[in-house]
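**Q** Provided below: structure24.cif, containing mmCIF, C-alpha atoms.
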```cif
data_model
#
loop_
_atom_site.label_atom_id
_atom_site.label_comp_id
_atom_site.auth_asym_id
_atom_site.auth_seq_id
_atom_site.Cartn_x
_atom_site.Cartn_y
_atom_site.Cartn_z
CA MET A 22 0.00 0.00 0.00
CA SER A 23 2.98 2.29 0.33
CA THR A 24 3.71 4.63 -2.57
CA ASP A 25 6.49 6.96 -3.59
CA SER A 26 6.27 10.02 -1.38
CA SER A 27 6.73 12.35 -4.33
CA LYS A 28 3.37 11.28 -5.75
CA GLN A 29 1.43 12.50 -2.75
CA ASN A 30 2.85 16.05 -2.86
CA ALA A 31 0.05 17.50 -4.93
CA GLU A 32 0.22 21.20 -5.68
CA PRO A 33 -1.54 23.25 -2.98
CA ALA A 34 -4.75 24.94 -4.00
CA PRO A 35 -4.63 28.46 -2.47
CA ASP A 36 -7.67 30.71 -2.60
CA ALA A 37 -10.00 27.75 -2.21
CA THR A 38 -13.65 28.56 -1.62
CA PRO A 39 -15.10 28.20 1.89
CA GLU A 40 -16.99 25.12 0.71
CA ARG A 41 -13.79 23.46 -0.49
CA LEU A 42 -11.98 24.35 2.73
CA LYS A 43 -14.83 22.79 4.69
CA LEU A 44 -14.46 19.65 2.59
CA TYR A 45 -10.68 19.54 3.16
CA LEU A 46 -11.22 19.87 6.91
CA THR A 47 -13.81 17.09 6.93
CA LEU A 48 -11.51 14.79 4.99
CA TRP A 49 -8.56 15.62 7.24
CA ARG A 50 -10.57 14.82 10.34
CA ASP A 51 -11.89 11.58 8.83
CA GLU A 52 -8.39 10.43 7.97
CA GLN A 53 -7.04 11.41 11.38
CA GLN A 54 -9.79 9.55 13.20
CA ALA A 55 -9.36 6.51 10.93
CA GLY A 56 -5.62 6.43 11.69
CA ARG A 57 -6.31 6.60 15.41
CA LEU A 58 -8.87 3.82 15.16
CA TYR A 59 -6.51 1.52 13.27
CA ARG A 60 -3.77 2.13 15.83
CA ALA A 61 -6.19 1.29 18.61
CA LEU A 62 -7.14 -1.92 16.79
CA ALA A 63 -3.47 -2.75 16.33
CA ASP A 64 -3.01 -2.56 20.10
CA MET A 65 -5.83 -5.08 20.55
CA ALA A 66 -5.13 -7.35 17.57
CA ASP A 67 -3.14 -10.58 17.46
CA GLU A 68 0.39 -10.74 16.08
CA ARG A 69 -0.80 -11.76 12.61
CA ARG A 70 -3.09 -8.77 12.10
CA ARG A 71 -1.26 -6.07 14.07
CA PRO A 72 1.12 -5.13 11.19
CA LEU A 73 -1.87 -4.80 8.86
CA PHE A 74 -3.65 -2.30 11.12
CA LEU A 75 -0.46 -0.30 11.60
CA GLU A 76 0.07 -0.19 7.84
CA LEU A 77 -3.50 1.04 7.34
CA ALA A 78 -2.94 3.71 10.01
CA GLU A 79 0.18 4.95 8.22
CA VAL A 80 -1.73 5.31 4.96
CA GLU A 81 -4.51 7.22 6.71
CA ASP A 82 -1.88 9.53 8.28
CA LYS A 83 -0.39 10.14 4.84
CA HIS A 84 -3.81 11.08 3.44
CA ALA A 85 -4.45 13.36 6.41
CA ALA A 86 -1.13 15.09 5.75
CA HIS A 87 -2.21 15.75 2.17
CA TRP A 88 -5.36 17.59 3.28
CA GLU A 89 -3.46 19.39 6.03
CA ARG A 90 -1.07 20.84 3.43
CA LEU A 91 -3.98 22.17 1.42
CA LEU A 92 -5.54 23.72 4.51
CA LEU A 93 -2.30 25.35 5.62
CA ALA A 94 -1.72 26.69 2.10
CA ASN A 95 -5.02 28.52 2.51
CA GLY A 96 -4.18 29.84 5.95
CA VAL A 97 -6.28 27.32 7.90
CA THR A 98 -4.79 25.41 10.82
CA PRO A 99 -6.93 22.30 11.31
CA THR A 100 -8.08 21.14 14.73
CA LEU A 101 -9.31 17.63 15.41
CA GLY A 102 -12.10 18.23 17.88
CA ARG A 103 -13.85 15.48 19.81
CA THR A 104 -13.64 11.86 18.77
CA PRO A 105 -16.90 10.92 17.02
CA LEU A 106 -19.31 8.77 19.01
CA LYS A 107 -19.16 6.00 16.41
CA ALA A 108 -15.37 5.75 16.67
CA ARG A 109 -15.55 5.66 20.46
CA ALA A 110 -18.20 2.93 20.28
CA LEU A 111 -16.08 0.86 17.91
CA ARG A 112 -13.05 1.08 20.19
CA MET A 113 -15.11 0.18 23.25
CA THR A 114 -16.70 -2.78 21.46
CA ALA A 115 -13.34 -4.03 20.19
CA ARG A 116 -11.82 -3.70 23.65
CA ARG A 117 -14.66 -5.59 25.30
CA PHE A 118 -15.58 -8.20 22.68
CA GLY A 119 -12.56 -8.38 20.38
CA VAL A 120 -11.49 -6.93 17.04
CA ASP A 121 -13.54 -9.40 15.00
CA ARG A 122 -16.76 -7.93 16.37
CA VAL A 123 -16.12 -4.48 14.87
CA LEU A 124 -14.51 -5.44 11.55
CA PRO A 125 -17.81 -5.81 9.64
CA ALA A 126 -18.84 -2.26 10.60
CA ILE A 127 -15.44 -0.87 9.62
CA ILE A 128 -15.48 -2.75 6.30
CA LYS A 129 -18.92 -1.32 5.56
CA ALA A 130 -17.73 2.19 6.36
CA GLU A 131 -14.64 1.79 4.18
CA ALA A 132 -16.80 0.49 1.34
CA SER A 133 -19.10 3.52 1.50
CA ASP A 134 -16.08 5.87 1.37
CA SER A 135 -13.93 3.95 -1.10
CA GLY A 136 -14.95 5.89 -4.20
CA ARG A 137 -15.12 9.43 -2.89
CA TYR A 138 -11.54 10.39 -3.78
CA ARG A 139 -12.17 9.51 -7.43
CA HIS A 140 -14.50 12.53 -7.60
CA ILE A 141 -12.33 15.03 -5.71
CA PRO A 142 -9.85 16.73 -8.05
CA GLU A 143 -7.58 17.87 -5.20
CA ALA A 144 -6.94 14.26 -4.08
CA ALA A 145 -3.59 12.73 -5.01
CA PRO A 146 -3.87 10.17 -7.85
CA GLU A 147 -3.03 7.14 -5.71
CA MET A 148 -5.36 7.94 -2.80
CA ALA A 149 -8.47 6.33 -4.29
CA ASP A 150 -6.63 3.08 -5.00
CA GLU A 151 -5.12 3.03 -1.53
CA GLU A 152 -8.54 3.53 0.07
CA ALA A 153 -9.90 0.66 -2.04
CA GLY A 154 -7.00 -1.46 -0.84
CA HIS A 155 -8.13 -0.90 2.75
CA GLY A 156 -11.34 -2.78 2.09
CA ARG A 157 -9.55 -5.75 0.56
CA ALA A 158 -7.12 -5.92 3.45
CA LEU A 159 -9.85 -5.68 6.08
CA ALA A 160 -12.00 -8.28 4.33
CA ALA A 161 -9.06 -10.65 4.44
CA ALA A 162 -8.37 -9.80 8.09
CA ALA A 163 -12.00 -10.61 8.90
CA GLY A 164 -11.69 -13.96 7.13
CA ASN A 165 -14.13 -12.94 4.38
CA ALA A 166 -11.73 -13.43 1.53
CA ALA A 167 -12.47 -17.13 1.07
CA GLY A 168 -15.70 -16.51 -0.80
CA PRO A 169 -17.71 -13.49 -1.93
CA GLY A 170 -16.66 -11.17 0.92
CA LEU A 171 -14.11 -9.26 -1.13
CA ALA A 172 -16.52 -9.07 -4.06
CA VAL A 173 -19.21 -7.53 -1.86
CA TRP A 174 -16.64 -5.04 -0.53
CA GLU A 175 -15.46 -3.93 -3.96
CA GLY A 176 -18.92 -2.85 -5.05
CA ARG A 177 -18.37 -3.73 -8.72
CA HIS A 178 -19.57 -7.28 -8.16
CA ARG A 179 -23.15 -8.22 -7.32
CA THR A 180 -23.14 -11.98 -7.20
CA ASN A 181 -26.11 -13.90 -5.88
CA ALA A 182 -26.15 -17.42 -7.24
CA SER A 183 -28.88 -20.04 -6.90
CA GLY A 184 -29.45 -23.37 -8.57
CA PRO A 185 -32.45 -25.33 -9.83
CA LEU A 186 -33.26 -26.77 -6.40
CA ARG A 187 -35.20 -23.73 -5.26
CA PRO A 188 -37.59 -23.52 -8.25
CA ALA A 189 -38.06 -27.28 -8.14
CA VAL A 190 -38.97 -27.45 -4.45
CA PHE A 191 -41.10 -24.34 -4.30
CA GLY A 192 -42.60 -25.02 -7.71
CA VAL A 193 -44.46 -28.01 -6.27
CA ASN A 194 -45.83 -25.88 -3.46
CA ASP A 195 -46.77 -23.01 -5.77
CA GLY A 196 -48.53 -25.31 -8.18
CA LEU A 197 -50.45 -27.11 -5.47
CA VAL A 198 -51.58 -24.04 -3.54
CA SER A 199 -52.44 -21.90 -6.56
CA ASN A 200 -54.41 -24.61 -8.39
CA LEU A 201 -56.11 -25.77 -5.20
CA ALA A 202 -57.25 -22.21 -4.56
CA LEU A 203 -58.39 -21.84 -8.17
CA ILE A 204 -60.31 -25.12 -8.18
CA MET A 205 -61.93 -24.38 -4.82
CA GLY A 206 -62.92 -20.91 -5.97
CA VAL A 207 -64.55 -22.23 -9.13
CA ALA A 208 -66.15 -25.13 -7.27
CA GLY A 209 -67.62 -22.68 -4.79
CA GLY A 210 -69.25 -20.75 -7.60
CA THR A 211 -70.58 -23.62 -9.73
CA ALA A 212 -71.69 -27.23 -9.40
CA ASP A 213 -70.62 -28.04 -12.97
CA ALA A 214 -67.71 -30.47 -12.64
CA SER A 215 -66.65 -29.87 -16.25
CA THR A 216 -66.15 -26.20 -15.54
CA VAL A 217 -64.05 -27.06 -12.50
CA VAL A 218 -61.90 -29.45 -14.55
CA LEU A 219 -61.47 -26.86 -17.32
CA ALA A 220 -60.39 -24.25 -14.79
CA GLY A 221 -57.99 -26.70 -13.15
CA VAL A 222 -56.38 -27.71 -16.41
CA ALA A 223 -56.11 -24.08 -17.54
CA GLY A 224 -54.58 -23.14 -14.21
CA LEU A 225 -52.07 -25.98 -14.43
CA VAL A 226 -50.94 -25.18 -17.97
CA ALA A 227 -50.89 -21.41 -17.56
CA GLY A 228 -49.14 -21.55 -14.20
CA ALA A 229 -46.53 -24.09 -15.30
CA ALA A 230 -45.78 -22.14 -18.48
CA SER A 231 -45.49 -18.91 -16.53
CA MET A 232 -43.21 -20.47 -13.92
CA GLY A 233 -41.01 -22.08 -16.56
CA ALA A 234 -40.70 -18.89 -18.60
CA GLY A 235 -40.05 -16.82 -15.51
CA GLU A 236 -37.30 -19.13 -14.29
CA TRP A 237 -35.67 -19.23 -17.72
CA ILE A 238 -35.53 -15.44 -17.87
CA SER A 239 -34.36 -15.18 -14.26
CA VAL A 240 -31.55 -17.71 -14.53
CA ARG A 241 -30.54 -16.46 -17.97
CA ALA A 242 -30.20 -12.94 -16.60
CA GLN A 243 -28.37 -14.28 -13.55
CA ARG A 244 -25.94 -16.21 -15.71
CA GLU A 245 -25.26 -13.13 -17.82
CA LEU A 246 -24.61 -11.17 -14.62
CA LEU A 247 -22.16 -13.78 -13.35
CA GLU A 248 -20.42 -13.94 -16.72
CA ARG A 249 -20.08 -10.18 -16.55
CA GLU A 250 -18.57 -10.43 -13.06
CA ILE A 251 -15.97 -12.86 -14.35
CA GLU A 252 -15.27 -10.53 -17.27
CA VAL A 253 -14.81 -7.64 -14.82
CA GLU A 254 -12.33 -9.76 -12.93
CA ARG A 255 -10.53 -10.55 -16.19
CA GLU A 256 -10.21 -6.82 -16.89
CA GLU A 257 -8.92 -6.17 -13.38
CA LEU A 258 -6.30 -8.89 -13.77
CA ARG A 259 -5.17 -7.30 -17.00
CA GLU A 260 -5.20 -3.68 -15.79
CA PHE A 261 -4.23 -4.06 -12.13
CA PRO A 262 -2.16 -7.25 -11.83
CA ASP A 263 -0.30 -6.06 -8.73
CA ASP A 264 -3.54 -5.28 -6.88
CA GLU A 265 -5.01 -8.65 -7.84
CA ARG A 266 -1.86 -10.48 -6.75
CA ARG A 267 -2.08 -8.67 -3.42
CA GLU A 268 -5.72 -9.76 -3.09
CA LEU A 269 -4.72 -13.38 -3.62
CA GLU A 270 -2.02 -13.03 -0.98
CA LEU A 271 -4.57 -11.68 1.49
CA ILE A 272 -7.01 -14.46 0.64
CA TYR A 273 -4.53 -17.22 1.34
CA GLN A 274 -3.22 -15.48 4.44
CA ALA A 275 -6.80 -15.37 5.71
CA LYS A 276 -7.01 -19.10 5.08
CA GLY A 277 -4.04 -19.64 7.36
CA LEU A 278 -1.01 -19.70 5.07
CA PRO A 279 2.10 -17.89 6.29
CA GLU A 280 2.77 -14.63 4.46
CA ALA A 281 5.71 -16.03 2.50
CA ASP A 282 3.73 -19.09 1.38
CA ALA A 283 0.70 -17.01 0.46
CA LYS A 284 2.92 -14.74 -1.63
CA ALA A 285 4.46 -17.74 -3.40
CA VAL A 286 1.06 -19.25 -4.18
CA ALA A 287 -0.25 -15.93 -5.49
CA GLU A 288 2.78 -15.41 -7.73
CA HIS A 289 2.45 -18.96 -9.08
CA LEU A 290 -1.23 -18.46 -9.90
CA MET A 291 -0.68 -15.05 -11.46
CA ALA A 292 1.90 -16.51 -13.83
CA ASP A 293 -0.93 -17.94 -15.96
CA PRO A 294 -3.85 -15.57 -16.77
CA ASP A 295 -6.44 -18.35 -17.07
CA THR A 296 -5.38 -19.95 -13.79
CA ALA A 297 -5.39 -16.56 -12.09
CA LEU A 298 -8.90 -15.82 -13.39
CA ASP A 299 -10.18 -19.19 -12.22
CA ALA A 300 -8.64 -18.65 -8.78
CA MET A 301 -10.05 -15.13 -8.41
CA ALA A 302 -13.50 -16.21 -9.56
CA ARG A 303 -13.59 -18.98 -6.98
CA GLU A 304 -11.85 -17.22 -4.10
CA GLU A 305 -13.00 -13.62 -4.48
CA LEU A 306 -16.39 -13.97 -6.16
CA GLY A 307 -17.30 -17.36 -4.71
CA LEU A 308 -18.19 -18.65 -8.20
CA ASP A 309 -17.46 -21.84 -10.05
CA PRO A 310 -16.84 -20.68 -13.64
CA ASP A 311 -17.87 -24.13 -14.89
CA ASP A 312 -21.21 -24.08 -13.08
CA LEU A 313 -23.05 -20.78 -13.45
CA GLY A 314 -26.52 -22.30 -13.65
CA SER A 315 -28.53 -23.61 -16.60
CA PRO A 316 -31.59 -21.57 -17.69
CA TRP A 317 -33.12 -24.59 -19.39
CA MET A 318 -32.58 -26.83 -16.38
CA ALA A 319 -34.25 -24.27 -14.13
CA ALA A 320 -37.13 -23.73 -16.56
CA ILE A 321 -37.82 -27.43 -17.10
CA SER A 322 -37.57 -28.32 -13.41
CA SER A 323 -39.85 -25.42 -12.50
CA PHE A 324 -42.39 -26.35 -15.20
CA LEU A 325 -42.49 -29.99 -14.12
CA ALA A 326 -42.56 -29.18 -10.40
CA PHE A 327 -45.45 -26.74 -10.79
CA SER A 328 -47.33 -29.22 -12.97
CA LEU A 329 -46.82 -31.98 -10.40
CA GLY A 330 -48.16 -29.82 -7.60
CA ALA A 331 -51.08 -28.48 -9.64
CA THR A 332 -52.14 -32.00 -10.64
CA VAL A 333 -52.88 -33.04 -7.03
CA PRO A 334 -56.11 -31.06 -6.45
CA LEU A 335 -57.20 -31.70 -10.04
CA MET A 336 -56.85 -35.51 -10.05
CA PRO A 337 -60.02 -36.41 -8.12
CA PHE A 338 -62.14 -34.45 -10.61
CA LEU A 339 -60.67 -36.45 -13.49
CA PHE A 340 -61.93 -39.75 -12.09
CA SER A 341 -65.12 -38.96 -10.22
CA ARG A 342 -68.00 -36.51 -9.91
CA GLY A 343 -70.21 -35.38 -7.07
CA ASP A 344 -69.88 -33.57 -3.75
CA ARG A 345 -67.43 -36.10 -2.38
CA THR A 346 -64.95 -35.19 -5.11
CA LEU A 347 -64.43 -31.74 -3.63
CA ILE A 348 -63.76 -33.22 -0.20
CA ILE A 349 -61.35 -35.80 -1.64
CA SER A 350 -59.51 -33.08 -3.55
CA ALA A 351 -59.16 -30.92 -0.43
CA GLY A 352 -58.06 -33.85 1.72
CA LEU A 353 -55.50 -35.10 -0.80
CA SER A 354 -54.14 -31.57 -1.19
CA MET A 355 -53.80 -31.14 2.59
CA LEU A 356 -51.87 -34.41 2.87
CA THR A 357 -49.58 -33.40 0.03
CA LEU A 358 -49.03 -29.96 1.55
CA ALA A 359 -48.08 -31.65 4.81
CA GLY A 360 -45.60 -33.82 2.92
CA VAL A 361 -44.10 -30.81 1.13
CA GLY A 362 -43.80 -28.97 4.43
CA ALA A 363 -42.11 -31.92 6.09
CA GLY A 364 -39.72 -32.17 3.14
CA LEU A 365 -38.87 -28.48 3.38
CA SER A 366 -37.92 -28.97 7.02
CA PHE A 367 -34.81 -30.79 5.83
CA LEU A 368 -33.74 -27.59 4.06
CA THR A 369 -34.85 -25.06 6.68
CA GLY A 370 -33.83 -26.98 9.79
CA ARG A 371 -37.24 -26.48 11.43
CA SER A 372 -39.15 -29.40 12.95
CA TRP A 373 -41.05 -31.46 10.36
CA TRP A 374 -44.40 -31.18 12.14
CA PHE A 375 -44.13 -27.38 12.39
CA SER A 376 -43.32 -27.05 8.70
CA ALA A 377 -46.09 -29.48 7.75
CA LEU A 378 -48.69 -27.70 9.89
CA ARG A 379 -47.66 -24.29 8.62
CA MET A 380 -47.94 -25.43 5.01
CA MET A 381 -51.38 -26.91 5.63
CA LEU A 382 -52.62 -23.74 7.33
CA VAL A 383 -51.35 -21.48 4.55
CA GLY A 384 -52.63 -23.65 1.70
CA GLY A 385 -55.90 -24.46 3.44
CA GLY A 386 -56.47 -20.81 4.29
CA ALA A 387 -55.98 -19.76 0.66
CA ALA A 388 -58.38 -22.47 -0.53
CA ALA A 389 -61.00 -21.51 2.07
CA VAL A 390 -60.87 -17.83 1.12
CA THR A 391 -61.23 -18.49 -2.61
CA TYR A 392 -64.02 -21.02 -2.00
CA GLY A 393 -65.89 -18.40 0.03
CA ILE A 394 -65.40 -15.74 -2.63
CA GLY A 395 -66.42 -18.18 -5.35
CA THR A 396 -69.58 -19.04 -3.45
CA VAL A 397 -70.52 -15.39 -2.99
CA VAL A 398 -69.82 -14.54 -6.63
CA GLY A 399 -71.60 -17.66 -7.85
CA VAL A 400 -74.74 -16.83 -5.86
CA SER A 401 -74.75 -13.23 -7.06
CA LEU A 402 -74.58 -14.36 -10.69
CA THR A 403 -77.52 -16.77 -10.46
#
```
Could I get this structure in the form of structure tokens?
**A**
Amino acid sequence: MSTDSSKQNAEPAPDATPERLKLYLTLWRDEQQAGRLYRALADMADERRRPLFLELAEVEDKHAAHWERLLLANGVTPTLGRTPLKARALRMTARRFGVDRVLPAIIKAEASDSGRYRHIPEAAPEMADEEAGHGRALAAAAGNAAGPGLAVWEGRHRTNASGPLRPAVFGVNDGLVSNLALIMGVAGGTADASTVVLAGVAGLVAGAASMGAGEWISVRAQRELLEREIEVEREELREFPDDERRELELIYQAKGLPEADAKAVAEHLMADPDTALDAMAREELGLDPDDLGSPWMAAISSFLAFSLGATVPLMPFLFSRGDRTLIISAGLSMLTLAGVGAGLSFLTGRSWWFSALRMMLVGGGAAAVTYGIGTVVGVSLT
């Protein structure tokens, strides 16, 4: 993070407006307080992370000196004032509960401030990059580098992957509840079984087609987003190889490798652009470049899952007629909802009976409401 001292000696800007001087003073105070905070964290940190916090403090001091020179050139002697409440709270929390407890808040604050120097002409050229480096270093210190933590910090990446399991599991539930509610609503409004069957079949086909198309578009857009993230990483490797190598070093240090070993691994990976890209995609973005999700797999699984669920309340009407058919359809649907709820408990970690009961109450409530509305509407139309 250190740079040649000659680069930071930007030309003073005398005769600055009061608004600019106020900005310089704010930035000077922010940098001063950040340096103090990092030194306080260094005093509380373990041996592995203490040098990192001291290095960050030195960079903050250098940035503060830059704004101090501009203030002095305009005849303003800066004063620090009271330590902000947030900084005092962070120090107190770190002292009482440990450095790890406050790192997420500091990372978030660094992320929100990382781009401000790119829009301030008076800032030295390297200051924006050094501030961005703070976030990478802190993410690694917090142990977030092994996955999407660094990507979230950088702000250029917006990864949020999901596979076909979600649309498949919830597709069954959506199909069952929506078609059960539709069939019950129509059955409440008419005694014509053919009309009920027609509505059920239409609901099944329309719902399954809508779910399938929606999942295809969603996963297709998601895949394009992830491909773009990898392309952004490719550009960063090409334009900022030293920064990316440093990121890899931090990642492997966070995983427990000694600094020398982490540096050797990073240099070995950076020797081949494709290997470096694969490593950064996996370690920084948390992505597997070979498995970004299949739009067709998601669409087909969602279509079939919705159809399977929607078939349950419809089946009794395909094989029988009469008042008992409605009761059989409702009972079969409740049993299936209980089974789906119990199955979801394996994913959510909740007790199977709680998940089953909740699913039955939600699905049964929707069916009861639509049946009541169908009955009212059916009576009003006769």
**Q** Could you list the residues chosen by the PyMOL selection byres ((chain A and resi 80-83) around 10) in this structure as a short mmCIF file (atom, residue, chain, number, x, y, z; two decimals) with C-alpha atoms, in the frame of the given file?
**A**
```cif
data_model
loop_
_atom_site.label_atom_id
_atom_site.label_comp_id
_atom_site.auth_asym_id
_atom_site.auth_seq_id
_atom_site.Cartn_x
_atom_site.Cartn_y
_atom_site.Cartn_z
CA MET A 22 0.00 0.00 0.00
CA SER A 23 2.98 2.29 0.33
CA THR A 24 3.71 4.63 -2.57
CA SER A 26 6.27 10.02 -1.38
CA GLN A 29 1.43 12.50 -2.75
CA TRP A 49 -8.56 15.62 7.24
CA ASP A 51 -11.89 11.58 8.83
CA GLU A 52 -8.39 10.43 7.97
CA GLN A 53 -7.04 11.41 11.38
CA GLN A 54 -9.79 9.55 13.20
CA ALA A 55 -9.36 6.51 10.93
CA GLY A 56 -5.62 6.43 11.69
CA ARG A 57 -6.31 6.60 15.41
CA TYR A 59 -6.51 1.52 13.27
CA PHE A 74 -3.65 -2.30 11.12
CA LEU A 75 -0.46 -0.30 11.60
CA GLU A 76 0.07 -0.19 7.84
CA LEU A 77 -3.50 1.04 7.34
CA ALA A 78 -2.94 3.71 10.01
CA GLU A 79 0.18 4.95 8.22
CA HIS A 84 -3.81 11.08 3.44
CA ALA A 85 -4.45 13.36 6.41
CA ALA A 86 -1.13 15.09 5.75
CA HIS A 87 -2.21 15.75 2.17
CA TRP A 88 -5.36 17.59 3.28
CA GLU A 89 -3.46 19.39 6.03
CA MET A 148 -5.36 7.94 -2.80
CA GLU A 151 -5.12 3.03 -1.53
CA GLU A 152 -8.54 3.53 0.07
CA HIS A 155 -8.13 -0.90 2.75
#
```
**Q** Could you tell me how far CA of Thr216 in chain A lies from CA of Leu347 in chain A, in Å and to one decimal?
**A** 13.2 Å
**Q** Do you know which residues are at most 10 Å from Ala302 in chain A counting all atoms listed in the file, after dropping those on the same chain fewer than 5 positions away, and could you put them as JSON, numbers by chain?
**A** {"A": [168, 169, 172, 247, 250, 251, 252, 254, 255, 296, 297, 307, 308, 309, 310]}
**Q** Could you write those residues out with C-alpha atoms, as a PDB file, in the frame of the given file?
**A**
```pdb
ATOM      1  CA  GLY A 168     -15.700 -16.510  -0.800  1.00  0.00           C
ATOM      2  CA  PRO A 169     -17.710 -13.490  -1.930  1.00  0.00           C
ATOM      3  CA  ALA A 172     -16.520  -9.070  -4.060  1.00  0.00           C
ATOM      4  CA  LEU A 247     -22.160 -13.780 -13.350  1.00  0.00           C
ATOM      5  CA  GLU A 250     -18.570 -10.430 -13.060  1.00  0.00           C
ATOM      6  CA  ILE A 251     -15.970 -12.860 -14.350  1.00  0.00           C
ATOM      7  CA  GLU A 252     -15.270 -10.530 -17.270  1.00  0.00           C
ATOM      8  CA  GLU A 254     -12.330  -9.760 -12.930  1.00  0.00           C
ATOM      9  CA  ARG A 255     -10.530 -10.550 -16.190  1.00  0.00           C
ATOM     10  CA  THR A 296      -5.380 -19.950 -13.790  1.00  0.00           C
ATOM     11  CA  ALA A 297      -5.390 -16.560 -12.090  1.00  0.00           C
ATOM     12  CA  GLY A 307     -17.300 -17.360  -4.710  1.00  0.00           C
ATOM     13  CA  LEU A 308     -18.190 -18.650  -8.200  1.00  0.00           C
ATOM     14  CA  ASP A 309     -17.460 -21.840 -10.050  1.00  0.00           C
ATOM     15  CA  PRO A 310     -16.840 -20.680 -13.640  1.00  0.00           C
TER      16      PRO A 310
END
```
**Q** Neighbouring residues of Leu258 in chain A were defined as those with any atom within 12 Å, considering all atoms listed in the file; residues of the same chain fewer than 4 positions away were excluded. Please report them as a ChimeraX atom specification.
**A** /A:251-254,262-269,290-302
**Q** When distances are computed from all atoms listed in the file, which of A:Leu111, A:Ala234, A:Ala229, A:Ala242 shows the smallest separation from Leu325 in chain A?
**A** A:Ala229
**Q** Return as a tab-separated table (two decimals) with C-alpha atoms, in the frame of the given file the set of residues that the PyMOL selection byres ((chain A and resi 327) around 12) yields on the displayed structure.
**A**
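result.tsv, freshly written:
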```tsv
chain	number	residue	atom	x	y	z
A	188	PRO	CA	-37.59	-23.52	-8.25
A	189	ALA	CA	-38.06	-27.28	-8.14
A	190	VAL	CA	-38.97	-27.45	-4.45
A	191	PHE	CA	-41.10	-24.34	-4.30
A	192	GLY	CA	-42.60	-25.02	-7.71
A	193	VAL	CA	-44.46	-28.01	-6.27
A	194	ASN	CA	-45.83	-25.88	-3.46
A	195	ASP	CA	-46.77	-23.01	-5.77
A	196	GLY	CA	-48.53	-25.31	-8.18
A	197	LEU	CA	-50.45	-27.11	-5.47
A	198	VAL	CA	-51.58	-24.04	-3.54
A	199	SER	CA	-52.44	-21.90	-6.56
A	200	ASN	CA	-54.41	-24.61	-8.39
A	224	GLY	CA	-54.58	-23.14	-14.21
A	225	LEU	CA	-52.07	-25.98	-14.43
A	226	VAL	CA	-50.94	-25.18	-17.97
A	227	ALA	CA	-50.89	-21.41	-17.56
A	228	GLY	CA	-49.14	-21.55	-14.20
A	229	ALA	CA	-46.53	-24.09	-15.30
A	230	ALA	CA	-45.78	-22.14	-18.48
A	231	SER	CA	-45.49	-18.91	-16.53
A	232	MET	CA	-43.21	-20.47	-13.92
A	233	GLY	CA	-41.01	-22.08	-16.56
A	236	GLU	CA	-37.30	-19.13	-14.29
A	319	ALA	CA	-34.25	-24.27	-14.13
A	320	ALA	CA	-37.13	-23.73	-16.56
A	321	ILE	CA	-37.82	-27.43	-17.10
A	322	SER	CA	-37.57	-28.32	-13.41
A	323	SER	CA	-39.85	-25.42	-12.50
A	324	PHE	CA	-42.39	-26.35	-15.20
A	325	LEU	CA	-42.49	-29.99	-14.12
A	326	ALA	CA	-42.56	-29.18	-10.40
A	328	SER	CA	-47.33	-29.22	-12.97
A	329	LEU	CA	-46.82	-31.98	-10.40
A	330	GLY	CA	-48.16	-29.82	-7.60
A	331	ALA	CA	-51.08	-28.48	-9.64
A	332	THR	CA	-52.14	-32.00	-10.64
A	333	VAL	CA	-52.88	-33.04	-7.03
```
**Q** Rounded to one decimal place, report the CA of Arg41 in chain A-CA of Thr100 in chain A distance in Å.
**A**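 Pair CA of Arg41 in chain A / CA of Thr100 in chain A returns 16.4 Å.
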**Q** Quote the spacing between CA of Ile394 in chain A and CA of Gly235 in chain A in Å to one decimal place.
**A**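 So the two atoms, CA of Ile394 in chain A and CA of Gly235 in chain A, lie 28.5 Å apart.
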**Q** Which residues, named as in the file, does the PyMOL selection byres ((chain A and resi 116) around 12) pick out? Answer as a list in words.
**A**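 Checking the PyMOL selection byres ((chain A and resi 116) around 12) against this file, the residues are Leu58, Ala61, Leu62, Ala63, Asp64, Met65, Ala66, Arg109, Ala110, Leu111, Arg112, Met113, Thr114, Ala115, Arg117, Phe118, Gly119, Val120, Asp121, Arg122 and Val123 of chain A.
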**Q** Box for range 350-365 of chain A: with edges along x, y and z, all listed atoms inside and 5 Å added on each side, what are the centre and edge lengths in Å to one decimal, as JSON?
**A**
```
{"center_x": -49.2, "center_y": -31.8, "center_z": 1.3, "size_x": 30.6, "size_y": 16.6, "size_z": 19.6}
```
**Q** Do you know which residues are at most 8 Å from range 218-221 of chain A counting only C-alpha atoms, after dropping those on the same chain fewer than 4 positions away, and could you put them as number ranges by chain?
**A** A: 200, 203-204, 207, 214, 225, 331, 335, 338-339
**Q** With C-alpha atoms retained, write the just-selected residues as an mmCIF file, in the coordinates of the input.
**A**
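This went into part23.cif:
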```cif
data_model
loop_
_atom_site.group_PDB
_atom_site.id
_atom_site.type_symbol
_atom_site.label_atom_id
_atom_site.label_comp_id
_atom_site.auth_asym_id
_atom_site.auth_seq_id
_atom_site.Cartn_x
_atom_site.Cartn_y
_atom_site.Cartn_z
ATOM 1 C CA ASN A 200 -54.410 -24.610 -8.390
ATOM 2 C CA LEU A 203 -58.390 -21.840 -8.170
ATOM 3 C CA ILE A 204 -60.310 -25.120 -8.180
ATOM 4 C CA VAL A 207 -64.550 -22.230 -9.130
ATOM 5 C CA ALA A 214 -67.710 -30.470 -12.640
ATOM 6 C CA LEU A 225 -52.070 -25.980 -14.430
ATOM 7 C CA ALA A 331 -51.080 -28.480 -9.640
ATOM 8 C CA LEU A 335 -57.200 -31.700 -10.040
ATOM 9 C CA PHE A 338 -62.140 -34.450 -10.610
ATOM 10 C CA LEU A 339 -60.670 -36.450 -13.490
#
```
